[in-house]
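Asker: Quick one: the structure is below, questions incoming.
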Amino acid sequence: MRFFGGSGNDSTSSRRTSFFGRDHDYRRLCRNLESQLREKEQEVDSHKHQVRALQKKVDEIHDGKRALEVQYGELQTQVQWLEKRVGDMDREARAAKSTQAELERAMSQMQTERRNLKTLLDTRTAELKEAQTYLSKEDDVTDSEVLRLVQAINSQIFQMSAQISDDFQASYGTHKSRELAERIASQLEKHPYVVPGLLHVLSTTYHRDDPILVQLALQTVLTAILCDIASPWAAVSTQHDTLLRSIYVEMCKNESQSVFGKWRTMALTYFRALVPDQGEVTSKVVNRLVKFIGAILIVCGAGDSIEDVRQLIKQQYGQALEELATHVIDFRRTVGERVVSRDLHVMTVPPSTLFSSSSMEDEYADAKNPSPDGPTFCTSSLGLIRKEQKPSDPGAHIDGDEHHRQVTLLKPKVILWRTVEGLRAECKVPMAETTAGNDRMPSSA
């Protein structure tokens, strides 16, 4: 068989070749497998490393998870606490809202009460201010200020009387007929400004050598007129004068000084708004003074025309008389409208009053005879008295009212009858004594 022939060597060689070829392939395969195995081992190692890393991460994740679970538990606890707290706060909020509503109602009520109290306070404050207006006894005028004003008025009266009597000295007794003088004397005789006996003294005395009695007559009449004008109630018209005086007298009996004093100041202040202005009031006072001064001069025989004499007086002495009138009106307004705590009045002494050094002064007191006596003839300068609702001081002159005291701040000066008689004795009396008529003085005098 060919199988065992030469071809068998070839076959063995071929098999050997094939075996070596397969061995080579096997070796190469083994090498490849080993290489692949090593690669796989490397991959396995890498995967193990990755697995370990992943396991580590897993462990970390588990640890984180456990930490988160712990935190979650804590958060759950906090959430539950917060939910409970929210519930509590919600209840507190509802309670607070209820309390707020109650407080708002209470505040609203309190605001209403506050408004009511404020309204009441404003009302009471206004009432208190009104009451204080009456109860306040503070004055912005002192006694010394008023006293100086009265002294200035007295000084002006004296100077005016002396100047006019001296300036007309040459004209006394120059009248052509005594008819006018007697008629004027008759008109003046019953007037309250003219003291009894004054006209008789003037008409029966010669004045051209010494006009002293004319001066005294002018002082007497001007003092009486200005005492009347200086009364606080002289600013009130005649139709209301009696009523207001009566009201004031009753108030003085039943009310406190602060009440009736304030009532007087307010009544006179507001009443003045209804009367003419200062200029017109002053002009009326000046006209009254001029009329009486002219009448006195005519009685002394200083001319035959009363109108001419009055016109001359107004021309020469109008400014001085206006100043005098202004001072008197200022006094009237001061004591009537600015003084509350007391009443201040000027005063004169009624004629034929027995002289008393405690309440008056002698105008012509003699140093050699410091204790004059006898009846008074007239008042030559104004006095000043203060009346107030206080306990009387020791030695103060009491007017008979136990609730009030009256103190003389300035004694009025008087002229005694015996002084007038002495002055007349020094003057010539060439004419027969005459008796004045009984006719009343018309409104022009």
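Chain labels run A, B, ... following the order of the structure tokens; each chain numbers its residues from 1, and ligands are numbered from 1 in the order shown.
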Please identify the strand (DSSP E) residues within segment 318-369 of chain A (assignment by DSSP from backbone atoms) and present them as a PyMOL selection string.
Answerer: chain A and resi 343-347+361-362
Asker: Can you pull out the residues contacting Ser359 of chain A? Cut-off 10 Å, using only C-alpha atoms, and skip same-chain residues under 3 positions away; I want them as a PyMOL selection string.
Answerer: chain A and resi 349+355-356+383+397+407-413
Asker: I need the residues of segment 220-360 of chain A that end up classed as alpha helix (DSSP H) by DSSP on the backbone, written out as a VMD selection string.
Answerer: chain A and resid 220 to 229 238 to 254 257 to 272 278 to 299 306 to 337
Asker: For Val201 of chain A, list every protein, DNA or RNA residue within 9 Å, evaluated using only C-alpha atoms, and leave out those in the same chain fewer than 3 positions away; present the list as a ChimeraX atom specification.
Answerer: /A:197-198,204-205,213,420,424,433
Asker: Calculated over only C-alpha atoms, which of the candidates A:Asp228, A:Glu250, A:Glu421, A:Glu361 has the smallest distance to Ile329 of chain A?
Answerer: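 When distances to Ile329 of chain A are compared using only C-alpha atoms, the smallest one comes from A:Asp228.
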Asker: With only C-alpha atoms as the basis for distance, which of A:Ala325, A:Ile184, A:Leu244, A:Val141 is at the shortest distance from Asp343 of chain A?
Answerer: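 Using only C-alpha atoms, the shortest distance to Asp343 of chain A belongs to A:Val141.
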Asker: What gap, in Å, lies between atom CA of Ser155 of chain A and atom CA of Ile385 of chain A?
Answerer: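 Interatomic distance here is 18.1 Å.
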